[in-house]
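Reviewing the structure listed below.
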Amino acid sequence: MTAAPALSVRNLTTTFDLGASRVAAVRDVSFDVMPGEVLGLVGESGSGKSVTLRSLTRLLPSGAEVSGQVIWQGRNLVGLAPKDLRKVRGGEISMIFQEPATALNPVLPIRVQIEENLRAHTTLDRAGRRRRSQELLDLVGIPDAARRLDEYPHQFSGGMRQRAMIAIALASAPRLLLADEPTTALDVTIQDQILNLILDLRDELGMSVVLVTHDLGVIAQTCDRMAVMYAGRIVEEGGVSPVLGHPAHAYTLGLLGSVPQAGTERTVLRSIEGTPPALSAIPPGCAFAPRCVFATDICRTRAPELVGTTEGHAAACHHSAMVRHQLGVSA
Ligand SMILES: Nc1ncnc2c1ncn2[C@@H]1O[C@H](COP(=O)(O)OP(=O)(O)O)[C@@H](O)[C@H]1O
Ligand code: SF4
Ligand SMILES: [Mg+2]
């Protein structure tokens, strides 16, 4: 028996007003996140990962328009009134960002910031909130929590600030954590600690997680399933092992650093040549075609649809059979 998804996103499209025109940063994105599952969203800078994440709870600048469906607890968040959305945001659904400095208030001690969240989203009384604040700092691995609660963000190191931000995000015991490059700014040891912490909390609280990253190592280490984004679309999705082991989209293959040269030899490259298209000039057909070594005429004229290659694994590529062949996988 398959459980129902915790979060179900269908045909999510987000456009921005550029004055004379509108551009779409997220185009027709659909995915599910199961209870307790960690879904990774990966892609180069500008591929639409952050806008996708922010569109889920409409944490976007004015002028942005979101359409499609974001089904959470039986409600479509896309149509939800701002006041109801505010209750969901930071309550059932929490977000953590790449840069803790933007999420922490520099003039308030950490304790006050955690307790504000507890007051807004729980029924705990004053004593309960004090107790829970300390538990949360312990939970995120900040030593000497009782003392550090009364310190200000600038008294924390980068890694500890990130932990404090996670503690604030977790104060409401969210059912869904949306984490946007939560460890990118940190050194590798701290990155590992924080990713492991998110996994521990997933186990402990049973929460689902959508984790945005541009690092495939982070995906491999942390996620159950992954979706690869390019020019605002999901181009490949599936379990982490199948997608990383047997990529079916030329872009994913490129991200993995395996680009075919003459014949079927593989050469490891550090990055894909060329740059992603500007939102105002997305090529017709497959948006990746100008950079793709597999591209043929059909790629330049017809947009490929996301279709299943194997169970739970799908790619939007006209030549996925050829791509799979590159890694010695028969199509
Ligand atoms: N407020 C905005 N107005 C116009 N374009 C935006 C805005 N925010 C993001 N974009 C554009 O949307 C695209 C996707 O951005 P983003 O989701 O931040 O990428 P990623 O997180 O994958 O690096 C980029 O081309 C970016 O320039
Ligand atoms: S559809 Fe064509 S251009 Fe796009 S990734 Fe696949 S092979 Fe390359
Ligand atoms: Mg981003």
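Letters A, B, ... mark the chains of the structure tokens in the order given; residue numbers begin at 1 per chain; ligand numbers begin at 1, in order shown.
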
### Message
Which residues are near ligand 2 - at most 9 Å, using only C-alpha atoms and all ligand atoms? Format: as a PyMOL selection string.
### Response
chain A and resi 235+248-252+285-300+302-305+315-320+322-323

### Residue neighbourhood range 44-50 of chain A, 9 Å, only C-alpha atoms, exclusion window fewer than 6 positions, as a VMD selection string
chain A and resid 25 to 27 180 to 181 212 to 214 229 to 233 255 276 278

Using the selection just defined, write its residues with N, CA and C atoms as a compact mmCIF listing (two decimals), in the first residue's frame.
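The resulting selection23.txt:
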```txt
# COMPACT_ATOMS: atom_id res chain seq x y z
N ALA A 25 9.81 32.07 -14.18
CA ALA A 25 11.01 31.51 -13.54
C ALA A 25 10.79 30.05 -13.19
N VAL A 26 9.51 29.65 -13.00
CA VAL A 26 9.16 28.26 -12.72
C VAL A 26 8.05 27.91 -13.69
N ARG A 27 8.22 26.78 -14.41
CA ARG A 27 7.29 26.47 -15.48
C ARG A 27 6.74 25.06 -15.34
N ASP A 180 16.60 25.93 1.89
CA ASP A 180 17.21 26.46 0.67
C ASP A 180 18.71 26.62 0.86
N GLU A 181 19.48 25.71 0.32
CA GLU A 181 20.94 25.71 0.44
C GLU A 181 21.36 25.99 1.89
N VAL A 212 16.97 22.24 -1.14
CA VAL A 212 17.54 22.82 -2.37
C VAL A 212 19.05 22.87 -2.25
N THR A 213 19.73 22.45 -3.29
CA THR A 213 21.19 22.51 -3.27
C THR A 213 21.70 22.52 -4.70
N HIS A 214 22.93 23.00 -4.91
CA HIS A 214 23.51 22.82 -6.24
C HIS A 214 24.62 21.78 -6.17
N MET A 229 16.45 20.49 -11.92
CA MET A 229 15.78 21.61 -12.59
C MET A 229 16.69 22.27 -13.61
N TYR A 230 16.08 22.69 -14.72
CA TYR A 230 16.80 23.48 -15.73
C TYR A 230 15.82 24.48 -16.32
N ALA A 231 16.22 25.74 -16.35
CA ALA A 231 15.39 26.81 -16.92
C ALA A 231 13.94 26.74 -16.44
N GLY A 232 13.78 26.52 -15.13
CA GLY A 232 12.45 26.60 -14.52
C GLY A 232 11.62 25.34 -14.61
N ARG A 233 12.16 24.29 -15.23
CA ARG A 233 11.40 23.05 -15.32
C ARG A 233 12.11 21.91 -14.60
N LEU A 255 25.80 17.45 -15.38
CA LEU A 255 26.05 17.84 -13.99
C LEU A 255 26.95 16.83 -13.30
N PRO A 276 23.14 28.86 -18.68
CA PRO A 276 21.69 28.70 -18.85
C PRO A 276 21.10 29.91 -19.57
N ALA A 278 18.71 33.15 -20.52
CA ALA A 278 17.98 34.18 -19.78
C ALA A 278 16.49 33.84 -19.83
```

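One finds CA of Ile114 in chain A at 20.4 Å from CA of Thr183 in chain A.
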
Polymer residues at most 7 Å from range 151-165 of chain A, only C-alpha atoms, same-chain spacing of 3 or more positions, as a PDB file with N, CA and C atoms, in the first residue's frame:
```
ATOM      1  N   ILE A  96      14.182  27.322   6.027  1.00  0.00           N
ATOM      2  CA  ILE A  96      15.505  27.832   6.393  1.00  0.00           C
ATOM      3  C   ILE A  96      16.230  28.258   5.124  1.00  0.00           C
ATOM      4  N   PRO A 100      21.938  32.824   7.163  1.00  0.00           N
ATOM      5  CA  PRO A 100      21.237  33.025   8.432  1.00  0.00           C
ATOM      6  C   PRO A 100      21.092  34.493   8.796  1.00  0.00           C
ATOM      7  N   LEU A 104      17.846  35.949  10.915  1.00  0.00           N
ATOM      8  CA  LEU A 104      17.951  36.225  12.350  1.00  0.00           C
ATOM      9  C   LEU A 104      17.867  37.727  12.580  1.00  0.00           C
ATOM     10  N   PRO A 106      19.206  40.791  14.387  1.00  0.00           N
ATOM     11  CA  PRO A 106      20.467  41.058  15.101  1.00  0.00           C
ATOM     12  C   PRO A 106      20.285  41.710  16.474  1.00  0.00           C
ATOM     13  N   VAL A 107      19.144  42.347  16.711  1.00  0.00           N
ATOM     14  CA  VAL A 107      19.002  43.086  17.974  1.00  0.00           C
ATOM     15  C   VAL A 107      18.248  42.297  19.045  1.00  0.00           C
ATOM     16  N   LEU A 108      17.888  41.061  18.750  1.00  0.00           N
ATOM     17  CA  LEU A 108      17.195  40.265  19.764  1.00  0.00           C
ATOM     18  C   LEU A 108      18.015  39.037  20.138  1.00  0.00           C
ATOM     19  N   PRO A 109      18.081  38.708  21.440  1.00  0.00           N
ATOM     20  CA  PRO A 109      18.763  37.474  21.841  1.00  0.00           C
ATOM     21  C   PRO A 109      18.078  36.270  21.187  1.00  0.00           C
ATOM     22  N   ILE A 110      18.852  35.203  21.004  1.00  0.00           N
ATOM     23  CA  ILE A 110      18.314  33.997  20.353  1.00  0.00           C
ATOM     24  C   ILE A 110      17.063  33.498  21.086  1.00  0.00           C
ATOM     25  N   LEU A 137      17.818  24.244  21.370  1.00  0.00           N
ATOM     26  CA  LEU A 137      19.255  24.507  21.153  1.00  0.00           C
ATOM     27  C   LEU A 137      20.063  23.241  21.396  1.00  0.00           C
ATOM     28  N   VAL A 140      19.710  21.011  18.261  1.00  0.00           N
ATOM     29  CA  VAL A 140      20.509  21.389  17.085  1.00  0.00           C
ATOM     30  C   VAL A 140      22.011  21.374  17.398  1.00  0.00           C
ATOM     31  N   ILE A 142      23.858  22.903  19.876  1.00  0.00           N
ATOM     32  CA  ILE A 142      24.585  24.076  20.372  1.00  0.00           C
ATOM     33  C   ILE A 142      24.953  23.814  21.824  1.00  0.00           C
ATOM     34  N   ARG A 148      23.849  30.201  26.157  1.00  0.00           N
ATOM     35  CA  ARG A 148      23.884  30.766  24.808  1.00  0.00           C
ATOM     36  C   ARG A 148      22.535  31.335  24.357  1.00  0.00           C
ATOM     37  N   ILE A 168      15.077  27.905  15.396  1.00  0.00           N
ATOM     38  CA  ILE A 168      13.907  28.793  15.278  1.00  0.00           C
ATOM     39  C   ILE A 168      12.888  28.170  14.322  1.00  0.00           C
ATOM     40  N   ALA A 169      13.401  27.643  13.199  1.00  0.00           N
ATOM     41  CA  ALA A 169      12.501  27.038  12.205  1.00  0.00           C
ATOM     42  C   ALA A 169      11.785  25.819  12.780  1.00  0.00           C
ATOM     43  N   LEU A 186      28.832  27.129   4.573  1.00  0.00           N
ATOM     44  CA  LEU A 186      29.576  26.588   5.725  1.00  0.00           C
ATOM     45  C   LEU A 186      30.682  25.630   5.306  1.00  0.00           C
ATOM     46  N   ILE A 190      30.998  21.279   9.219  1.00  0.00           N
ATOM     47  CA  ILE A 190      29.739  21.818   9.754  1.00  0.00           C
ATOM     48  C   ILE A 190      28.580  21.428   8.830  1.00  0.00           C
TER      49      ILE A 190
END
```

### Task
Tell me which protein, DNA and RNA residues are within 8 Å of Ala179 in chain A, counting only C-alpha atoms, leaving out same-chain ones fewer than 4 positions away, and put them as a list in words.
Met95, Ile96, Phe97, Val209, Val210, Leu211 and Val212 of chain A

Emit the selected residues as an mmCIF file, in the first residue's frame, including N, CA and C atoms.
```cif
data_model
loop_
_atom_site.group_PDB
_atom_site.id
_atom_site.type_symbol
_atom_site.label_atom_id
_atom_site.label_comp_id
_atom_site.auth_asym_id
_atom_site.auth_seq_id
_atom_site.Cartn_x
_atom_site.Cartn_y
_atom_site.Cartn_z
ATOM 1 N N MET A 95 10.719 27.345 6.918
ATOM 2 C CA MET A 95 11.766 27.513 5.907
ATOM 3 C C MET A 95 13.091 27.877 6.542
ATOM 4 N N ILE A 96 14.182 27.322 6.027
ATOM 5 C CA ILE A 96 15.505 27.832 6.393
ATOM 6 C C ILE A 96 16.230 28.258 5.124
ATOM 7 N N PHE A 97 17.002 29.311 5.263
ATOM 8 C CA PHE A 97 17.614 29.933 4.095
ATOM 9 C C PHE A 97 19.120 29.741 4.126
ATOM 10 N N VAL A 209 10.951 16.846 4.045
ATOM 11 C CA VAL A 209 11.921 17.912 3.777
ATOM 12 C C VAL A 209 12.053 18.105 2.269
ATOM 13 N N VAL A 210 12.062 19.370 1.831
ATOM 14 C CA VAL A 210 12.518 19.668 0.473
ATOM 15 C C VAL A 210 13.820 20.445 0.629
ATOM 16 N N LEU A 211 14.891 19.877 0.085
ATOM 17 C CA LEU A 211 16.222 20.434 0.281
ATOM 18 C C LEU A 211 16.765 20.934 -1.057
ATOM 19 N N VAL A 212 16.975 22.236 -1.143
ATOM 20 C CA VAL A 212 17.541 22.819 -2.366
ATOM 21 C C VAL A 212 19.053 22.868 -2.254
#
```

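The closest residue to ligand 1, picked from A:Ile219, A:Leu7, A:Leu60, A:Leu39 and counting only C-alpha atoms and all ligand atoms, is A:Leu60.
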
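One finds CA of Val9 in chain A at 5.1 Å from CA of Phe31 in chain A.
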
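Around Pro5 in chain A, within 7 Å and counting only C-alpha atoms, the residues found are Asp32, Val33, Met34 and Pro35 of chain A, once anything fewer than 5 positions away on its own chain is removed.
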
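Separating CA of Leu12 in chain A from CA of Ser67 in chain A is a distance of 5.7 Å.
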
### Task
Just the strand (DSSP E or B) stuff from range 56-87 of chain A, please, per backbone DSSP, written as a PyMOL selection string.
chain A and resi 65-72+75-76
